[in-house]
Structure formats: structure tokens, C-alpha cells
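Enquirer: Just structure20.cif, nothing more (mmCIF, C-alpha atoms):
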data_final
loop_
_atom_site.label_atom_id
_atom_site.label_comp_id
_atom_site.auth_asym_id
_atom_site.auth_seq_id
_atom_site.Cartn_x
_atom_site.Cartn_y
_atom_site.Cartn_z
CA MET A 1 -56.18 4.42 89.69
CA THR A 2 -53.12 5.10 87.54
CA LEU A 3 -53.57 1.87 85.58
CA GLN A 4 -57.15 2.83 84.69
CA ARG A 5 -56.06 6.27 83.50
CA THR A 6 -53.32 4.71 81.39
CA ARG A 7 -55.82 2.30 79.82
CA LEU A 8 -58.27 5.13 79.21
CA ARG A 9 -55.56 7.23 77.57
CA ALA A 10 -54.45 4.27 75.43
CA ALA A 11 -58.03 3.58 74.36
CA THR A 12 -58.58 7.26 73.56
CA ALA A 13 -55.34 7.42 71.55
CA SER A 14 -56.31 4.23 69.67
CA LEU A 15 -59.72 5.66 68.86
CA ILE A 16 -58.21 8.93 67.60
CA ALA A 17 -55.69 7.02 65.48
CA ALA A 18 -58.47 4.86 63.99
CA PHE A 19 -60.48 7.95 63.01
CA ALA A 20 -57.37 9.59 61.55
CA LEU A 21 -56.58 6.51 59.46
CA ALA A 22 -60.18 6.29 58.27
CA SER A 23 -60.15 9.93 57.19
CA VAL A 24 -56.84 9.47 55.34
CA ALA A 25 -58.25 6.41 53.52
CA GLN A 26 -61.39 8.38 52.59
CA ALA A 27 -59.28 11.29 51.32
CA GLU A 28 -57.24 8.88 49.17
CA ASP A 29 -60.42 7.37 47.70
CA ASP A 30 -61.76 10.87 46.97
CA TRP A 31 -58.49 11.81 45.26
CA ARG A 32 -58.55 8.68 43.09
CA ALA A 33 -62.15 9.32 42.09
CA THR A 34 -61.32 12.93 41.20
CA ALA A 35 -58.26 11.87 39.19
CA SER A 36 -60.33 9.26 37.37
CA ARG A 37 -63.01 11.84 36.48
CA ALA A 38 -60.31 14.22 35.25
CA GLY A 39 -58.86 11.51 33.03
CA VAL A 40 -62.27 10.68 31.59
CA GLY A 41 -62.98 14.36 30.98
CA THR A 42 -59.65 14.82 29.23
CA LEU A 43 -60.29 11.81 27.01
CA ASP A 44 -63.73 13.17 26.24
CA VAL A 45 -62.47 16.63 25.26
CA LEU A 46 -59.41 15.53 23.30
CA VAL A 47 -60.66 12.41 21.51
CA ILE A 48 -64.38 11.75 21.75
CA ARG A 49 -65.74 15.27 21.17
CA PRO A 50 -63.73 15.84 17.98
CA ALA A 51 -64.82 12.43 16.69
CA GLN A 52 -68.44 13.28 17.44
CA ALA A 53 -68.08 16.66 15.73
CA ALA A 54 -66.78 14.84 12.65
CA ALA A 55 -69.71 12.42 12.91
CA THR A 56 -72.08 15.40 13.00
CA ALA A 57 -70.52 16.84 9.83
CA VAL A 58 -70.62 13.47 8.05
CA GLY A 59 -74.18 12.96 9.24
CA PHE A 60 -75.17 16.31 7.81
CA ALA A 61 -73.61 15.35 4.47
CA LEU A 62 -75.45 12.02 4.52
CA PHE A 63 -78.72 13.66 5.52
CA VAL A 64 -79.17 15.31 2.12
CA PRO A 65 -79.39 12.03 0.16
CA ALA A 66 -81.32 10.41 3.02
CA ALA A 67 -83.88 13.24 2.87
CA LEU A 68 -84.27 12.72 -0.85
CA VAL A 69 -84.84 9.01 -0.33
CA THR A 70 -87.28 9.49 2.55
CA TYR A 71 -89.15 12.40 0.93
CA PRO A 72 -91.98 10.19 -0.39
CA GLY A 73 -92.67 9.11 3.21
CA GLY A 74 -93.58 12.66 4.20
CA ARG A 75 -92.34 15.21 6.71
CA SER A 76 -92.12 12.71 9.59
CA SER A 77 -89.71 10.53 7.61
CA ILE A 78 -87.49 13.50 6.84
CA MET A 79 -87.55 14.58 10.50
CA GLU A 80 -86.60 11.04 11.57
CA ALA A 81 -83.66 11.08 9.13
CA TRP A 82 -82.61 14.50 10.52
CA ASP A 83 -82.75 13.14 14.04
CA VAL A 84 -80.67 10.07 13.21
CA PHE A 85 -78.05 11.72 11.01
CA VAL A 86 -77.65 15.20 12.53
CA ALA A 87 -79.51 15.91 15.77
CA THR A 88 -78.35 12.90 17.79
CA PRO A 89 -74.63 13.36 17.03
CA ALA A 90 -74.96 17.12 17.55
CA ARG A 91 -76.56 16.63 20.99
CA ALA A 92 -73.82 14.17 21.94
CA THR A 93 -71.18 16.66 20.83
CA PHE A 94 -72.47 19.99 22.08
CA GLN A 95 -75.05 19.39 24.85
CA ARG A 96 -73.76 16.36 26.74
CA PRO A 97 -71.85 17.18 29.94
CA ILE A 98 -68.13 16.50 29.74
CA GLY A 99 -67.25 12.98 30.84
CA ASP A 100 -70.87 11.79 30.86
CA PHE A 101 -71.28 8.86 28.49
#
Show me the file's structure as C-alpha cells.

Expert:
Amino acid sequence: MTLQRTRLRAATASLIAAFALASVAQAEDDWRATASRAGVGTLDVLVIRPAQAAATAVGFALFVPAALVTYPGGRSSIMEAWDVFVATPARATFQRPIGDF
């Protein structure tokens, strides 16, 4: 009887240890994923967003001559130029969630 109880206790302890190790491994994976997202978000805020804001400003400056060139094509051509040169970079800069590429 004592040998069976010892085996049962050893099996129970092994099972508890396995669950504890699995939860520690999961917590480490969660931490790495969170740290990776934080790094991507920091890169986005410090480097990519300012570059996209500059692209929006340059796009706005380039839109004026593009609108003059596309004017003979009508309103839809001007709206397409606006979308390419200004609206798309502005959406990427100001509406896109941080870290979402």
C-alpha cells in the first residue's frame, strides 16, 4: 500500500511540475511577443511615422503640378492624383494603427 501511495504522489508531483513548466514557457513566449510588438511600435513612432509625414508633405507639393497635368482628364483624374499623392500617405501616417504595416 505504501509503494502505491509513493508512486501516486510521484506521478502527481510530476504532473504538477509539467504544468508549471508549460505555464512558464507560455509566459516567456508571451513576454517575447509583447517585447517584439513594443519594438515594432517604437520603430513605427520614431522612424516610419515621421518619414510618412514627410512623404505626405512632399506628396502635397507634387500634387499641385500633377493636378495641372491631369486637369484635361477631368475631375476623376484630379481625384486619382489626390489619392496617390496625398490621401494614401496621409492615411498611412495618421489613421493606421501603430505597428500595423

Enquirer: Hey, can you check how far CA of Asp100 in chain A sits from CA of Met79 in chain A?

Expert: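 CA of Met79 in chain A lies at a distance of 26.5 Å from CA of Asp100 in chain A.
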
Enquirer: Just say which residues the PyMOL selection byres ((chain A and resi 53-63) around 6) picks in this file, as JSON, numbers by chain.

Expert: {"A": [50, 51, 52, 64, 65, 66, 67, 85, 86, 89, 90, 93]}

Enquirer: My list of candidates is A:Arg49, A:Glu80, A:Gly73, A:Leu43. Which is closest to Gln95 in chain A when distances are computed with all atoms listed in the file?

Expert: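 The shortest atom-to-atom distance to Gln95 in chain A comes from A:Arg49.
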
Enquirer: Can you spell out as a PyMOL selection string the set of residues that the PyMOL selection byres ((chain A and resi 97) around 12) selects in the structure I just provided?

Expert: chain A and resi 40-41+44-45+49+91-96+98-101

Enquirer: So how far away is CA of Val47 in chain A from CA of Ala87 in chain A, in Å?

Expert: 20.0 Å

Enquirer: Report, in Å with one decimal, the straight-line distance from CA of Ser77 in chain A to CA of Ile48 in chain A.

Expert: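 Between these atoms lies a distance of 29.0 Å.
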